[in-house]
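Novice: Just so it is clear, I am handing over structure.txt, which has compact mmCIF, C-alpha atoms.
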```txt
# COMPACT_ATOMS: atom_id res chain seq x y z
CA MET F 24 14.27 15.66 3.69
CA LEU F 25 12.81 12.45 5.04
CA LYS F 26 9.33 11.76 3.67
CA ILE F 27 7.05 11.96 6.70
CA THR F 28 3.27 11.57 6.48
CA LEU F 29 1.16 12.86 9.36
CA TYR F 30 -1.58 10.40 10.31
CA ILE F 31 -4.89 11.77 11.61
CA GLY F 32 -6.83 8.57 12.02
CA HIS F 33 -9.99 10.17 13.35
CA ALA F 34 -11.17 13.55 14.59
CA ASP F 35 -13.87 14.78 16.96
CA HIS F 36 -15.26 18.27 17.50
CA THR F 37 -12.27 19.38 19.60
CA ALA F 38 -9.67 18.81 16.87
CA ARG F 39 -9.39 20.62 13.55
CA PRO F 40 -7.86 18.31 10.92
CA VAL F 41 -7.89 20.94 8.17
CA GLU F 42 -5.83 23.22 10.41
CA MET F 43 -3.48 20.33 11.20
CA ALA F 44 -3.00 19.77 7.48
CA LYS F 45 -2.16 23.44 6.97
CA MET F 46 0.41 23.18 9.79
CA ALA F 47 1.98 20.09 8.22
CA ASP F 48 2.03 21.74 4.79
CA LYS F 49 3.72 24.85 6.16
CA ALA F 50 6.28 22.74 8.06
CA GLY F 51 7.22 20.84 4.90
CA LEU F 52 6.01 17.36 5.79
CA TYR F 53 5.52 15.03 2.85
CA GLY F 54 1.94 13.90 3.39
CA ILE F 55 -1.27 13.96 5.39
CA ALA F 56 -3.36 10.81 5.86
CA LEU F 57 -6.87 10.23 7.16
CA GLY F 58 -8.47 7.08 8.52
CA GLU F 59 -11.97 5.84 7.78
CA HIS F 60 -14.95 3.99 9.12
CA VAL F 61 -18.44 4.72 7.84
CA ALA F 62 -20.27 2.94 10.67
CA LEU F 63 -19.38 0.19 13.12
CA GLY F 64 -21.53 -2.29 15.00
CA THR F 65 -21.04 -4.54 18.00
CA ASP F 66 -19.30 -7.49 16.31
CA LEU F 67 -15.61 -7.29 17.18
CA SER F 68 -14.65 -10.79 16.02
CA ASN F 69 -12.43 -9.54 13.18
CA TYR F 70 -10.91 -6.55 14.95
CA PRO F 71 -7.17 -6.77 14.13
CA TYR F 72 -5.53 -4.51 16.74
CA ALA F 73 -5.29 -5.49 20.39
CA GLY F 74 -4.77 -1.93 21.59
CA GLY F 75 -8.27 -0.81 20.67
CA LEU F 76 -9.87 -3.75 22.43
CA SER F 77 -7.97 -2.99 25.63
CA HIS F 78 -9.55 0.46 25.62
CA GLY F 79 -12.97 -0.96 24.86
CA ASP F 80 -13.56 1.04 21.69
CA ALA F 81 -12.38 -1.36 18.95
CA GLY F 82 -11.98 1.47 16.51
CA ARG F 83 -15.35 3.05 17.33
CA LYS F 84 -14.10 6.60 17.10
CA PRO F 85 -15.35 9.76 15.36
CA TYR F 86 -14.29 9.45 11.72
CA LEU F 87 -14.93 12.19 9.18
CA GLU F 88 -15.61 11.12 5.59
CA PRO F 89 -12.18 11.16 3.91
CA ALA F 90 -13.09 12.16 0.36
CA VAL F 91 -14.89 15.26 1.63
CA LEU F 92 -12.19 16.10 4.17
CA ASN F 93 -9.35 15.51 1.71
CA GLY F 94 -11.05 17.86 -0.72
CA ALA F 95 -11.12 20.53 1.98
CA ILE F 96 -7.46 19.90 2.74
CA ALA F 97 -6.58 20.06 -0.95
CA ALA F 98 -8.13 23.52 -1.19
CA VAL F 99 -6.05 25.09 1.59
CA THR F 100 -2.63 23.44 1.09
CA SER F 101 -0.06 23.74 -1.67
CA LYS F 102 2.64 21.05 -1.36
CA ILE F 103 1.64 18.22 0.94
CA ARG F 104 0.59 14.87 -0.54
CA ILE F 105 -2.98 13.86 0.33
CA SER F 106 -3.36 10.27 1.46
CA ASN F 107 -5.21 7.89 3.77
CA CYS F 108 -4.57 5.49 6.60
CA ILE F 109 -6.69 3.83 5.15
CA MET F 110 -9.62 4.45 2.75
CA LEU F 111 -12.11 1.58 2.51
CA ALA F 112 -12.27 1.42 -1.27
CA PRO F 113 -14.62 -1.61 -1.52
CA LEU F 114 -17.39 0.35 0.23
CA ARG F 115 -17.67 2.76 -2.71
CA PRO F 116 -18.97 2.11 -6.21
CA ALA F 117 -15.94 2.06 -8.51
CA VAL F 118 -17.05 4.90 -10.78
CA LEU F 119 -17.83 7.14 -7.78
CA LEU F 120 -14.45 6.28 -6.23
CA ALA F 121 -12.66 7.30 -9.42
CA LYS F 122 -14.57 10.60 -9.51
CA GLN F 123 -13.84 11.37 -5.84
CA LEU F 124 -10.10 10.78 -6.23
CA THR F 125 -9.96 12.71 -9.50
CA THR F 126 -11.66 15.64 -7.78
CA ILE F 127 -9.09 15.62 -4.98
CA ASP F 128 -6.28 15.39 -7.52
CA VAL F 129 -7.63 18.32 -9.55
CA ILE F 130 -8.31 20.57 -6.53
CA SER F 131 -4.84 19.83 -5.13
CA GLY F 132 -3.03 20.28 -8.44
CA GLY F 133 -1.88 16.67 -8.59
CA ARG F 134 -1.22 15.67 -4.97
CA CYS F 135 -3.60 12.75 -4.47
CA GLU F 136 -1.86 9.60 -3.14
CA PRO F 137 -4.57 7.31 -1.74
CA CYS F 138 -3.99 4.28 0.45
CA PHE F 139 -6.67 1.59 0.26
CA GLY F 140 -7.63 -1.31 2.46
CA THR F 141 -10.59 -3.61 2.98
CA GLY F 142 -11.35 -3.09 6.66
CA TRP F 143 -12.55 -5.73 9.10
CA SER F 144 -16.17 -5.06 10.11
CA HIS F 145 -18.96 -7.33 8.83
CA ASP F 146 -21.49 -4.82 10.17
CA GLU F 147 -19.95 -1.95 8.23
CA TYR F 148 -20.19 -3.83 4.95
CA ALA F 149 -23.73 -5.01 5.68
CA SER F 150 -24.88 -1.48 6.45
CA LEU F 151 -23.88 -0.45 2.92
CA ASN F 152 -25.17 -3.61 1.20
CA VAL F 153 -21.66 -4.68 0.19
CA ASP F 154 -20.71 -8.37 0.33
CA TYR F 155 -17.98 -8.74 2.96
CA ALA F 156 -16.97 -12.11 1.53
CA LYS F 157 -16.14 -10.46 -1.81
CA ARG F 158 -14.25 -7.49 -0.36
CA ARG F 159 -10.90 -8.40 -1.85
CA GLN F 160 -12.31 -9.00 -5.31
CA ILE F 161 -14.20 -5.71 -5.09
CA LEU F 162 -11.00 -3.94 -4.04
CA ARG F 163 -9.12 -5.32 -7.03
CA ASP F 164 -11.93 -4.57 -9.48
CA ASN F 165 -12.46 -1.06 -8.13
CA ILE F 166 -8.78 -0.19 -8.54
CA ALA F 167 -8.72 -1.64 -12.06
CA ALA F 168 -11.89 0.28 -12.96
CA CYS F 169 -10.36 3.52 -11.66
CA ARG F 170 -7.28 2.95 -13.79
CA ALA F 171 -9.48 2.35 -16.84
CA LEU F 172 -11.42 5.57 -16.27
CA TRP F 173 -8.28 7.61 -15.62
CA GLU F 174 -6.44 6.32 -18.68
CA ASN F 175 -9.13 6.14 -21.37
CA GLN F 176 -11.92 8.35 -22.69
CA PRO F 177 -14.29 6.70 -23.30
CA ALA F 178 -13.52 3.81 -20.94
CA THR F 179 -14.72 0.24 -21.12
CA PHE F 180 -14.16 -2.22 -18.30
CA ARG F 181 -15.49 -5.64 -17.34
CA SER F 182 -15.02 -7.66 -14.17
CA ASP F 183 -16.97 -9.87 -11.79
CA THR F 184 -18.14 -6.95 -9.62
CA VAL F 185 -18.18 -3.87 -11.87
CA SER F 186 -18.55 -3.41 -15.62
CA PHE F 187 -19.18 -0.46 -17.92
CA GLU F 188 -18.82 0.37 -21.58
CA GLY F 189 -18.06 3.63 -23.36
CA LEU F 190 -18.05 5.85 -20.28
CA PHE F 191 -16.72 9.39 -20.33
CA GLN F 192 -15.63 10.67 -16.91
CA MET F 193 -14.16 14.14 -17.01
CA PRO F 194 -11.97 15.82 -16.04
CA GLN F 195 -9.17 13.32 -15.81
CA PRO F 196 -6.59 13.49 -12.98
CA VAL F 197 -3.76 16.02 -13.10
CA GLN F 198 -1.22 13.27 -12.43
CA LYS F 199 -0.49 10.95 -15.32
CA ARG F 200 -0.71 8.10 -12.80
CA ILE F 201 -2.24 8.53 -9.36
CA PRO F 202 -0.01 6.47 -7.04
CA ILE F 203 -2.00 4.02 -4.92
CA LEU F 204 -0.79 2.27 -1.79
CA LEU F 205 -2.42 -0.75 -0.19
CA GLY F 206 -2.58 -1.16 3.57
CA VAL F 207 -2.53 -4.96 3.62
CA LYS F 208 -0.47 -7.83 4.97
CA ALA F 209 2.76 -8.81 3.27
CA ASN F 210 2.14 -11.95 1.25
CA GLU F 211 2.55 -13.01 -2.37
CA LYS F 212 -1.13 -12.60 -3.23
CA ASN F 213 -1.28 -9.00 -1.97
CA ALA F 214 2.09 -8.21 -3.50
CA ALA F 215 0.92 -9.42 -6.90
CA LEU F 216 -2.06 -7.05 -6.70
CA VAL F 217 0.19 -4.11 -5.78
CA ALA F 218 2.56 -4.94 -8.62
CA GLU F 219 -0.33 -5.23 -11.08
CA LEU F 220 -2.31 -2.10 -10.25
CA CYS F 221 -0.76 -0.13 -7.40
CA ASP F 222 2.49 1.51 -6.38
CA GLY F 223 3.22 0.80 -2.74
CA TRP F 224 2.70 -1.03 0.54
CA GLU F 225 1.58 0.55 3.80
CA SER F 226 2.83 -1.85 6.44
CA GLY F 227 0.41 -1.05 9.25
CA PRO F 228 1.27 -0.70 12.95
CA ASP F 229 1.97 -4.36 13.64
CA ASP F 230 4.52 -5.02 10.91
CA SER F 231 6.07 -1.59 11.50
CA ASN F 232 7.05 -2.71 14.99
CA SER F 233 9.32 -5.44 13.66
CA LEU F 234 12.37 -4.76 11.52
CA GLU F 235 12.35 -8.37 10.41
CA LYS F 236 8.72 -8.14 9.25
CA LEU F 237 9.50 -4.91 7.43
CA ARG F 238 12.51 -6.48 5.77
CA GLN F 239 10.68 -9.62 4.75
CA GLY F 240 7.59 -7.72 3.63
CA SER F 241 9.54 -5.23 1.55
CA GLN F 242 11.33 -8.09 -0.18
CA ILE F 243 8.05 -9.83 -1.00
CA TYR F 244 6.75 -6.67 -2.66
CA ARG F 245 10.02 -5.97 -4.49
CA ASP F 246 10.05 -9.53 -5.83
CA ALA F 247 6.49 -9.04 -7.10
CA PHE F 248 7.54 -5.84 -8.88
CA VAL F 249 10.39 -7.69 -10.59
CA LYS F 250 8.07 -10.53 -11.61
CA ALA F 251 5.64 -7.97 -13.10
CA GLY F 252 8.43 -6.27 -15.05
CA ARG F 253 8.44 -3.16 -12.86
CA ASP F 254 11.41 -1.43 -11.26
CA PRO F 255 11.58 -2.54 -7.60
CA ALA F 256 13.29 0.75 -6.75
CA ALA F 257 10.00 2.50 -7.58
CA LEU F 258 8.11 0.60 -4.85
CA ILE F 259 6.76 2.83 -2.07
CA VAL F 260 7.06 1.31 1.41
CA ARG F 261 5.42 3.36 4.16
CA ALA F 262 5.81 2.36 7.79
CA HIS F 263 5.01 3.82 11.19
CA LEU F 264 7.79 5.34 13.23
CA PRO F 265 7.93 3.96 16.80
CA ARG F 266 6.68 6.17 19.61
CA PHE F 267 8.70 6.94 22.74
CA MET F 268 7.93 9.43 25.48
CA MET F 269 10.36 11.39 27.61
CA ASP F 270 10.78 10.08 31.14
CA ASP F 271 8.34 12.60 32.58
CA GLY F 272 5.70 11.64 30.01
CA SER F 273 5.14 15.23 28.93
CA ARG F 274 6.32 14.96 25.34
CA PHE F 275 7.69 12.60 22.74
CA ASP F 276 11.36 11.63 22.63
CA LEU F 277 11.97 12.49 18.98
CA ALA F 278 15.70 11.81 19.15
CA LYS F 279 14.97 8.23 20.19
CA ILE F 280 12.15 7.91 17.65
CA PHE F 281 14.28 9.09 14.73
CA SER F 282 17.23 6.94 15.82
CA HIS F 283 15.26 4.04 14.30
CA VAL F 284 15.20 5.59 10.83
CA PRO F 285 18.49 4.13 9.50
CA ALA F 286 17.51 0.55 10.39
CA MET F 287 14.03 1.02 8.92
CA ARG F 288 15.56 2.38 5.72
CA GLU F 289 17.86 -0.63 5.56
CA ALA F 290 14.75 -2.82 5.92
CA GLY F 291 13.27 -1.20 2.81
CA VAL F 292 11.16 1.68 4.16
CA ASN F 293 11.25 4.91 2.11
CA GLN F 294 8.26 6.74 3.57
CA PHE F 295 7.54 7.19 7.26
CA ALA F 296 4.42 7.95 9.26
CA THR F 297 3.75 9.53 12.62
CA GLY F 298 0.37 10.28 14.11
CA VAL F 299 -1.50 12.78 16.22
CA THR F 300 -4.67 12.08 18.14
CA GLY F 301 -8.00 13.07 16.69
CA ARG F 302 -9.08 14.67 19.93
CA LEU F 303 -7.29 17.21 22.08
CA GLU F 304 -5.84 15.17 24.92
CA GLY F 305 -2.58 14.09 26.54
CA PRO F 306 0.55 15.37 24.75
CA PHE F 307 -1.78 16.80 22.09
CA SER F 308 -3.98 18.73 24.50
CA SER F 309 -4.15 21.84 22.31
CA MET F 310 -3.72 22.87 18.70
CA ASP F 311 -0.57 24.72 19.79
CA ALA F 312 0.86 21.46 21.15
CA ILE F 313 0.05 19.71 17.87
CA GLU F 314 1.74 22.47 15.89
CA ARG F 315 4.86 22.24 18.06
CA TYR F 316 4.98 18.49 17.49
CA ILE F 317 4.59 18.89 13.73
CA ASN F 318 7.36 21.50 13.60
CA ASP F 319 9.66 19.37 15.75
CA VAL F 320 9.07 16.33 13.53
CA ALA F 321 9.83 18.43 10.44
CA ALA F 322 13.06 19.67 12.02
CA PHE F 323 14.23 16.10 12.64
CA ALA F 324 13.12 15.00 9.15
CA ALA F 325 15.21 17.79 7.61
CA LYS F 326 18.35 16.14 9.01
CA TYR F 327 17.96 13.18 6.63
```
Please lay out the structure from this file as structure tokens.
Specialist:
Amino acid sequence: MLKITLYIGHADHTARPVEMAKMADKAGLYGIALGEHVALGTDLSNYPYAGGLSHGDAGRKPYLEPAVLNGAIAAVTSKIRISNCIMLAPLRPAVLLAKQLTTIDVISGGRCEPCFGTGWSHDEYASLNVDYAKRRQILRDNIAACRALWENQPATFRSDTVSFEGLFQMPQPVQKRIPILLGVKANEKNAALVAELCDGWESGPDDSNSLEKLRQGSQIYRDAFVKAGRDPAALIVRAHLPRFMMDDGSRFDLAKIFSHVPAMREAGVNQFATGVTGRLEGPFSSMDAIERYINDVAAFAAKY
């Protein structure tokens, strides 16, 4: 069955993400992924996606805190992998981040598969007293610190942004290695970080729309795996499926959507994502409509 992760970027009071996760788990989808913003201000200068600006919201949507919500999802599901799209890892202290992910992994019985990114909002970083200019270094150090805590008891770690000595953090994760994806651009610097400490690349909506970008990006990350002495076949590449509506606009044209799978696979993609809205509207105007969509997606995924 094709590995499909259901994206729930945000959720307001009308939608029930825990129920959506239970639907996806029952249908046999591979994963569930949550988005994140802690708080956003008025500065849109770094906003990366044109679509949000055209609607005037620039990502200012109702986001639930993903560690808490993923813990709730872990408790009521049994098979589905628990991920993000994305989690802003630099906004959390490294030791707390490790504890949060371990907790999700333990509650779920070993199904935690986080996806990290750095975000774009100066205001968001400032509100949490985190240096935006150091966000990439903090991301790298936080991941390395998590690995140290997960692999050693006691753990000692030193870096420019986080250091500790002789720490015990228990319990340890169920998984021998929690797989981590990065939702970042495809370049040699990011690929080297993934090859050093992570396990996969989440291509984001922009690169997912171009087979050539997917092909080039996948190759950059595979080359980095080879250079690091890792098996390039083990690289996770997750990309967004395109979205097409039927002519009457009432529902999605899944046959047309899934017709793109072979070319995306050829470009290096081995995990796929499709999203539902975080509020009940349009084609997802009810929880019943969301459940039908999830079941229809699972039926198409089962053909591969």
Novice: Looking at only C-alpha atoms, which of F:Leu204, F:Ile96, F:Ile103, F:Ala121 is the one that sits closest to Phe191 in chain F?
Specialist: F:Ala121
Novice: Using all atoms listed in the file, what table do you get, as CSV, when you list each residue of range 114-148 of chain F with an atom no more than 12 Å from range 36-58 of chain F, its nearest pair of atoms, and their distance in Å rounded to one decimal, rows by chain then rising number?
Specialist:
```
residue,atom,partner,partner_atom,distance
F:Arg134,CA,F:Gly54,CA,9.1
F:Cys135,CA,F:Gly54,CA,9.7
F:Glu136,CA,F:Gly54,CA,8.7
F:Pro137,CA,F:Ala56,CA,8.5
F:Cys138,CA,F:Ala56,CA,8.5
F:Phe139,CA,F:Gly58,CA,10.1
F:Gly140,CA,F:Gly58,CA,10.4
F:Gly142,CA,F:Gly58,CA,10.7
```
Novice: I'd like to know which of F:Asn93, F:Ala218, F:Ala290, F:Ile280 is closest to Asp246 in chain F, using all atoms listed in the file.
Specialist: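 For Asp246 in chain F, the nearest of the given residues is F:Ala218.
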Novice: Which protein, DNA or RNA residues have an atom at most 9 Å from (-0.8, -1.7, 5.8), counting all atoms listed in the file? List them as a count of residues only.
Specialist: 21
Novice: Point out the residue among F:Pro265, F:Pro194, F:Gly64, F:Pro285 with the least atom-to-atom distance to Gly298 in chain F, counting only C-alpha atoms.
Specialist: F:Pro265
Novice: Within 9 Å of (11.4, 13.1, 3.7), in the coordinates the file gives, what residues turn up when you count all atoms listed in the file, written out as an MDAnalysis selection string?
Specialist: chainID F and resid 24:28 51:53 293:295 321 324:325 327
Novice: CA of Lys199 in chain F and CA of Val129 in chain F are how many Å apart?
Specialist: 11.8 Å
Novice: Could you tell me which of F:Ala34, F:Ala95, F:Leu190, F:Ile203 comes closest to Met110 in chain F if we count only C-alpha atoms?
Specialist: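 Going through F:Ala34, F:Ala95, F:Leu190, F:Ile203 one by one, the smallest distance to Met110 in chain F is for F:Ile203.
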Novice: How many Å lie between CA of Arg158 in chain F and CA of Met193 in chain F, rounded to one decimal?
Specialist: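 Atom-to-atom, CA of Arg158 in chain F and CA of Met193 in chain F are spaced 27.3 Å apart.
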Novice: May I ask which of the residues F:Phe187, F:Ala149, F:Leu114, F:Ser68 is the closest one to Ile161 in chain F, counting all atoms listed in the file?
Specialist: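 The answer is F:Leu114, which sits nearest to Ile161 in chain F.
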